[in-house]
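The structure file entry-v7.cif is reproduced below (mmCIF, C-alpha atoms).
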```cif
data_query
#
loop_
_atom_site.label_atom_id
_atom_site.label_comp_id
_atom_site.auth_asym_id
_atom_site.auth_seq_id
_atom_site.Cartn_x
_atom_site.Cartn_y
_atom_site.Cartn_z
CA SER A 1 -74.82 58.38 -36.79
CA ASN A 2 -72.70 55.22 -36.57
CA GLN A 3 -69.56 57.36 -36.49
CA ILE A 4 -71.01 59.51 -33.70
CA SER A 5 -72.02 56.43 -31.71
CA SER A 6 -68.53 54.96 -32.14
CA ASN A 7 -66.91 58.21 -31.01
CA LEU A 8 -69.19 58.32 -27.96
CA ASN A 9 -68.21 54.77 -27.02
CA ILE A 10 -64.52 55.62 -27.33
CA PHE A 11 -65.03 58.74 -25.18
CA THR A 12 -66.98 56.78 -22.54
CA ASN A 13 -64.34 54.05 -22.36
CA SER A 14 -61.61 56.65 -22.06
CA MET A 15 -63.44 58.37 -19.22
CA ASN A 16 -63.86 55.05 -17.39
CA ILE A 17 -60.14 54.35 -17.71
CA CYS A 18 -59.30 57.82 -16.39
CA LYS A 19 -61.71 57.34 -13.49
CA LYS A 20 -60.09 54.04 -12.52
CA LEU A 21 -56.65 55.62 -12.81
CA LEU A 22 -57.64 58.50 -10.52
CA ILE A 23 -59.06 56.07 -7.95
CA ALA A 24 -55.88 54.00 -8.04
CA VAL A 25 -53.69 57.09 -7.68
CA SER A 26 -55.82 58.36 -4.80
CA SER A 27 -55.53 54.99 -3.11
CA SER A 28 -51.80 55.11 -3.69
CA PHE A 29 -51.55 58.50 -1.97
CA PHE A 30 -53.69 57.26 0.91
CA ILE A 31 -51.56 54.18 1.46
CA ARG A 32 -48.38 56.26 1.18
CA SER A 33 -49.66 58.74 3.78
CA LEU A 34 -50.31 55.94 6.24
CA GLY A 35 -47.26 53.92 5.34
CA TYR A 36 -47.29 50.24 4.39
CA SER A 37 -45.74 49.36 7.74
CA THR A 38 -48.57 50.99 9.70
CA ILE A 39 -51.20 49.15 7.70
CA PHE A 40 -49.51 45.77 8.01
CA SER A 41 -48.84 46.36 11.71
CA ASN A 42 -52.53 46.92 12.35
CA PHE A 43 -53.44 43.76 10.41
CA LYS A 44 -50.99 41.77 12.51
CA LYS A 45 -52.25 43.24 15.79
CA LEU A 46 -55.71 41.97 14.90
CA GLY A 47 -54.39 38.57 13.88
CA SER A 48 -55.59 39.15 10.33
CA LYS A 49 -54.78 36.48 7.77
CA SER A 50 -54.46 39.34 5.28
CA VAL A 51 -51.13 40.37 6.75
CA ASN A 52 -49.21 38.61 3.97
CA LYS A 53 -51.22 40.18 1.15
CA LEU A 54 -49.53 43.14 -0.49
CA PRO A 55 -51.30 45.67 -2.75
CA SER A 56 -51.52 44.70 -6.40
CA THR A 57 -48.56 45.28 -8.71
CA SER A 58 -50.38 48.10 -10.50
CA THR A 59 -51.15 49.88 -7.23
CA MET A 60 -47.52 49.42 -6.11
CA MET A 61 -46.34 51.01 -9.39
CA LEU A 62 -48.65 53.98 -8.93
CA PHE A 63 -47.65 54.17 -5.28
CA ASN A 64 -44.00 54.54 -6.24
CA ALA A 65 -44.67 56.78 -9.22
CA PHE A 66 -46.89 59.37 -7.53
CA GLY A 67 -45.99 59.10 -3.84
CA SER A 68 -42.88 60.40 -2.13
CA LYS A 69 -40.17 57.89 -1.33
CA PRO A 70 -40.14 56.70 2.31
CA ALA A 71 -37.30 57.83 4.56
CA ASP A 72 -34.65 55.32 5.63
CA PHE A 73 -36.22 53.90 8.79
CA TYR A 74 -32.78 52.95 10.11
CA GLU A 75 -32.36 56.60 11.08
CA SER A 76 -35.12 56.30 13.69
CA LEU A 77 -33.70 53.21 15.42
CA THR A 78 -32.21 53.43 18.90
CA GLY A 79 -30.23 51.24 21.29
CA SER A 80 -28.98 47.88 20.10
CA ALA A 81 -31.20 48.08 16.98
CA LYS A 82 -29.27 51.19 15.95
CA GLU A 83 -26.01 49.30 16.47
CA ALA A 84 -27.36 46.43 14.36
CA ALA A 85 -28.24 48.93 11.61
CA GLU A 86 -24.64 50.15 11.60
CA TYR A 87 -23.39 46.59 11.14
CA ALA A 88 -25.94 45.96 8.38
CA ASN A 89 -24.93 49.12 6.52
CA GLN A 90 -21.35 47.86 6.55
CA ASN A 91 -22.34 44.31 5.57
CA ILE A 92 -20.83 43.01 8.82
CA VAL A 93 -21.75 39.90 10.83
CA PRO A 94 -20.31 40.82 14.24
CA LEU A 95 -19.05 38.39 16.87
CA LYS A 96 -19.52 40.83 19.74
CA SER A 97 -21.33 44.09 20.45
CA LYS A 98 -19.57 47.40 20.97
CA ASP A 99 -19.80 46.80 24.73
CA GLY A 100 -18.15 43.40 24.39
CA PHE A 101 -21.22 41.20 24.80
CA GLU A 102 -21.63 38.06 22.72
CA ILE A 103 -24.27 38.07 20.01
CA ALA A 104 -26.78 35.33 19.21
CA THR A 105 -29.37 35.23 16.43
CA PHE A 106 -32.49 33.04 16.39
CA ALA A 107 -35.73 32.69 14.42
CA ALA A 108 -38.93 31.46 16.04
CA GLY A 109 -41.81 32.44 13.79
CA CYS A 110 -43.22 35.88 14.62
CA PHE A 111 -40.40 37.77 16.31
CA TRP A 112 -42.50 39.61 18.91
CA GLY A 113 -42.99 36.76 21.37
CA ILE A 114 -39.49 35.34 21.27
CA GLU A 115 -37.96 38.77 21.81
CA LEU A 116 -39.98 39.18 25.01
CA ALA A 117 -38.85 35.75 26.20
CA PHE A 118 -35.20 36.78 25.79
CA GLN A 119 -35.81 40.20 27.34
CA ARG A 120 -36.87 38.38 30.51
CA ALA A 121 -33.72 36.26 30.69
CA HIS A 122 -30.97 37.14 33.14
CA GLY A 123 -27.72 37.86 31.33
CA VAL A 124 -29.44 39.21 28.23
CA GLU A 125 -28.30 42.82 27.97
CA ALA A 126 -30.18 43.89 24.84
CA THR A 127 -32.50 42.56 22.15
CA HIS A 128 -33.75 43.73 18.78
CA VAL A 129 -35.73 42.12 15.99
CA GLY A 130 -35.21 42.06 12.26
CA TYR A 131 -34.72 40.01 9.13
CA THR A 132 -31.93 37.64 8.12
CA GLN A 133 -30.91 34.82 5.77
CA GLY A 134 -32.45 36.51 2.72
CA GLN A 135 -31.28 38.04 -0.55
CA LYS A 136 -32.51 41.65 -0.41
CA ILE A 137 -30.46 44.33 1.31
CA LYS A 138 -32.32 46.33 3.98
CA PRO A 139 -35.73 44.75 3.41
CA THR A 140 -38.89 46.26 4.87
CA TYR A 141 -41.55 44.41 6.82
CA GLU A 142 -43.96 44.31 3.91
CA GLU A 143 -41.29 42.98 1.58
CA VAL A 144 -40.42 40.17 3.98
CA CYS A 145 -44.13 39.42 4.46
CA SER A 146 -44.42 38.81 0.73
CA GLY A 147 -42.23 35.73 1.20
CA LYS A 148 -40.19 36.72 -1.86
CA THR A 149 -37.01 38.04 -0.20
CA GLY A 150 -35.91 34.79 1.43
CA HIS A 151 -35.62 36.38 4.87
CA THR A 152 -37.00 35.02 8.10
CA GLU A 153 -38.18 37.12 11.04
CA ALA A 154 -35.50 36.86 13.70
CA VAL A 155 -34.33 38.18 17.04
CA GLN A 156 -30.78 39.16 17.90
CA VAL A 157 -29.54 38.99 21.47
CA PHE A 158 -26.60 40.70 23.15
CA PHE A 159 -25.73 38.53 26.15
CA ASP A 160 -23.18 38.12 28.91
CA PRO A 161 -21.86 34.53 28.76
CA LYS A 162 -20.74 34.82 32.39
CA VAL A 163 -24.41 35.04 33.38
CA VAL A 164 -26.24 33.05 30.71
CA SER A 165 -24.71 30.47 28.39
CA TYR A 166 -25.46 30.00 24.69
CA ASN A 167 -26.87 26.58 25.56
CA GLU A 168 -29.33 28.22 27.97
CA LEU A 169 -30.42 30.60 25.24
CA LEU A 170 -31.08 27.60 23.01
CA ASN A 171 -33.25 26.14 25.76
CA ILE A 172 -35.30 29.35 25.89
CA LEU A 173 -35.74 29.24 22.12
CA PHE A 174 -36.83 25.63 21.89
CA GLN A 175 -39.25 25.97 24.80
CA LYS A 176 -41.13 28.47 22.64
CA ILE A 177 -41.26 26.69 19.28
CA ASP A 178 -42.26 23.47 17.59
CA PRO A 179 -38.99 22.55 15.83
CA THR A 180 -40.75 20.03 13.60
CA GLN A 181 -43.08 22.54 11.91
CA VAL A 182 -41.86 23.38 8.42
CA ASN A 183 -41.87 27.03 7.31
CA GLY A 184 -43.96 28.43 10.10
CA GLN A 185 -45.09 28.42 13.70
CA GLY A 186 -48.69 27.96 14.74
CA ASN A 187 -50.95 29.87 12.37
CA ASP A 188 -48.07 31.90 10.93
CA ASN A 189 -47.06 30.12 7.75
CA GLY A 190 -44.48 30.92 5.11
CA THR A 191 -40.72 30.87 4.72
CA GLN A 192 -40.55 34.21 6.54
CA TYR A 193 -41.73 32.38 9.67
CA ARG A 194 -39.32 29.45 9.50
CA THR A 195 -37.32 28.74 12.64
CA GLY A 196 -33.57 28.81 12.83
CA VAL A 197 -30.38 28.96 14.86
CA TYR A 198 -27.64 31.12 13.35
CA PRO A 199 -24.27 30.79 15.14
CA HIS A 200 -21.89 33.75 15.14
CA SER A 201 -18.79 31.73 15.97
CA PRO A 202 -17.36 28.20 15.70
CA GLU A 203 -17.92 27.84 19.45
CA GLN A 204 -21.62 28.66 19.14
CA ARG A 205 -21.96 26.22 16.24
CA LYS A 206 -20.42 23.38 18.25
CA VAL A 207 -22.87 23.98 21.09
CA ALA A 208 -25.77 24.17 18.64
CA GLU A 209 -24.78 20.94 16.87
CA VAL A 210 -24.75 19.03 20.15
CA PHE A 211 -28.09 20.57 21.06
CA PHE A 212 -29.63 19.57 17.71
CA GLU A 213 -28.44 15.97 18.16
CA SER A 214 -30.25 15.82 21.49
CA LEU A 215 -33.39 17.26 19.86
CA LYS A 216 -33.51 14.49 17.29
CA LYS A 217 -33.91 11.98 20.11
CA GLN A 218 -36.87 13.89 21.54
CA TYR A 219 -39.02 14.01 18.40
CA SER A 220 -40.29 11.35 16.04
CA LYS A 221 -40.60 13.87 13.21
CA PRO A 222 -37.57 15.43 11.48
CA ILE A 223 -36.23 18.68 12.94
CA ALA A 224 -37.25 21.50 10.60
CA THR A 225 -35.38 24.26 12.44
CA GLU A 226 -32.42 25.25 10.31
CA LEU A 227 -28.87 25.50 11.63
CA VAL A 228 -27.00 27.95 9.42
CA ASP A 229 -24.13 30.31 10.11
CA ALA A 230 -25.19 33.87 10.91
CA ALA A 231 -25.67 36.21 7.98
CA VAL A 232 -26.10 39.98 7.88
CA PHE A 233 -28.95 40.95 10.21
CA PHE A 234 -31.21 43.76 9.00
CA PRO A 235 -33.10 45.37 11.90
CA ALA A 236 -36.84 45.80 11.59
CA GLU A 237 -38.79 49.03 11.76
CA LYS A 238 -38.82 50.89 15.08
CA TYR A 239 -42.41 49.99 15.96
CA HIS A 240 -41.47 46.29 15.94
CA GLN A 241 -38.68 46.72 18.48
CA GLN A 242 -39.66 45.42 21.96
CA TYR A 243 -43.21 45.50 20.63
CA LEU A 244 -44.91 43.45 23.34
CA SER A 245 -43.25 45.26 26.23
CA ASN A 246 -43.71 48.74 24.75
CA ASN A 247 -47.14 48.51 23.14
CA GLY A 248 -48.52 45.01 23.41
CA ARG A 249 -51.43 43.52 21.56
CA PHE A 250 -54.49 45.77 21.74
CA GLY A 251 -52.53 48.35 23.73
CA ALA A 252 -51.74 46.03 26.66
CA PRO A 253 -47.95 46.01 27.25
CA GLN A 254 -46.43 42.88 28.79
CA SER A 255 -43.75 42.95 31.47
CA ALA A 256 -40.15 42.37 30.41
CA GLU A 257 -38.98 42.04 34.02
CA LYS A 258 -36.13 39.60 34.52
CA GLY A 259 -37.04 36.43 36.33
#
```
Let's see the structure in the file written out as structure tokens.
Amino acid sequence: SNQISSNLNIFTNSMNICKKLLIAVSSSFFIRSLGYSTIFSNFKKLGSKSVNKLPSTSTMMLFNAFGSKPADFYESLTGSAKEAAEYANQNIVPLKSKDGFEIATFAAGCFWGIELAFQRAHGVEATHVGYTQGQKIKPTYEEVCSGKTGHTEAVQVFFDPKVVSYNELLNILFQKIDPTQVNGQGNDNGTQYRTGVYPHSPEQRKVAEVFFESLKKQYSKPIATELVDAAVFFPAEKYHQQYLSNNGRFGAPQSAEKG
């Protein structure tokens, strides 16, 4: 009878393990069908603090083992984001766009709001958001949210220097951020939300250095915004592009009219 009882316990434990495995696999398929990006986007729309929490390692392993691999989201990008994807695929940090406009890259915490601010600026011909200054090639939103890739959320601007100067773009940036906050802006905390200015040319760097010197005189705290030469810019998923003007929080788009 002891042997029978032991065998029953082994069988019961095995069934419990199989049950947990099936639940995990089912969850994996469910998450795959929705897409990590969709889930994290909805968290962010609601202002959820859970936005930085990825599924467990075991679920991620099952997700990758049993689910189909996601398509390269670069293929769905359009406009300047598509152009940025082409540069990223070639490991290029461009000085100018294909149309001859200068390029500027900035980080200001969550990239949605700062992109809208630049969309509204005269002389800004195009904007797109993405990830830069990290180690991983072509990171996804959820990977950057983990804080493990080293990237920061950023906006890239194609601008006409005859209409708007680089110094004026810096003014727009610093009107929107607290440059003394370390690794974050407002309630968004983590290295992926650090602020930064990333010059694409020696001329941009000179302007930025003068600007930073003037900032130091305005604040009693140290300036936390980093000033680092531009690195490869990896555009974000399509649903992030011009998010506030196209979709807006809670389905309420905001105007990107110049003015």
Residues in the PyMOL selection byres ((chain A and resi 119) around 10), expressed as an MDAnalysis selection string: chainID A and resid 113:118 120:128 157 242 245 255:259
Taking the file above as input, evaluate the PyMOL selection byres ((chain A and resi 179) around 6) and report the hits as number ranges by chain. A: 177-178, 180-181, 223-225
How would you write, as a ChimeraX atom specification, the residues chosen by the PyMOL selection byres ((chain A and resi 84) around 10) on this structure? /A:74,77-83,85-90,92-94,97,128-130,156,232-236
All residues 8 Å or closer to A:Asp188, all atoms listed in the file, same chain fewer than 5 positions away omitted, as a ChimeraX atom specification: /A:109-110,193
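Interatomic distance, atom CA of A:Glu143 against atom CA of A:Val182: 20.8 Å.
From atom CA of A:Tyr243 back to atom CA of A:Gly147, the distance works out to 21.8 Å.
Here atom CA of A:Asp229 stands at a distance of 16.0 Å from atom CA of A:Ala108.
If all atoms listed in the file are the atoms counted, then among A:Glu209, A:Glu226, A:Glu153, A:Glu142 the closest residue to A:Tyr166 is A:Glu209.
The closest residue to A:Ser214, picked from A:Ala252, A:Leu95, A:Ala104, A:Leu170 and counting all atoms listed in the file, is A:Leu170.
Residues surrounding A:Arg205 within 12 Å are Ala104, Thr105, Tyr166, Asn167, Leu170, Val197, Tyr198, Pro199, His200, Ser201, Pro202, Glu203, Val207, Ala208, Glu209, Val210, Phe211, Phe212, Leu227, Val228, Asp229 and Ala230 of chain A [only C-alpha atoms; sequence separation below 2 positions excluded].
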Polymer residues at most 10 Å from A:Gly190, all atoms listed in the file, same-chain spacing of 4 or more positions, as a list in words: Asn52, Gly109, Cys145, Ser146, Gly147, Thr152, Val182, Asn183, Gly184, Gln185 and Arg194 of chain A
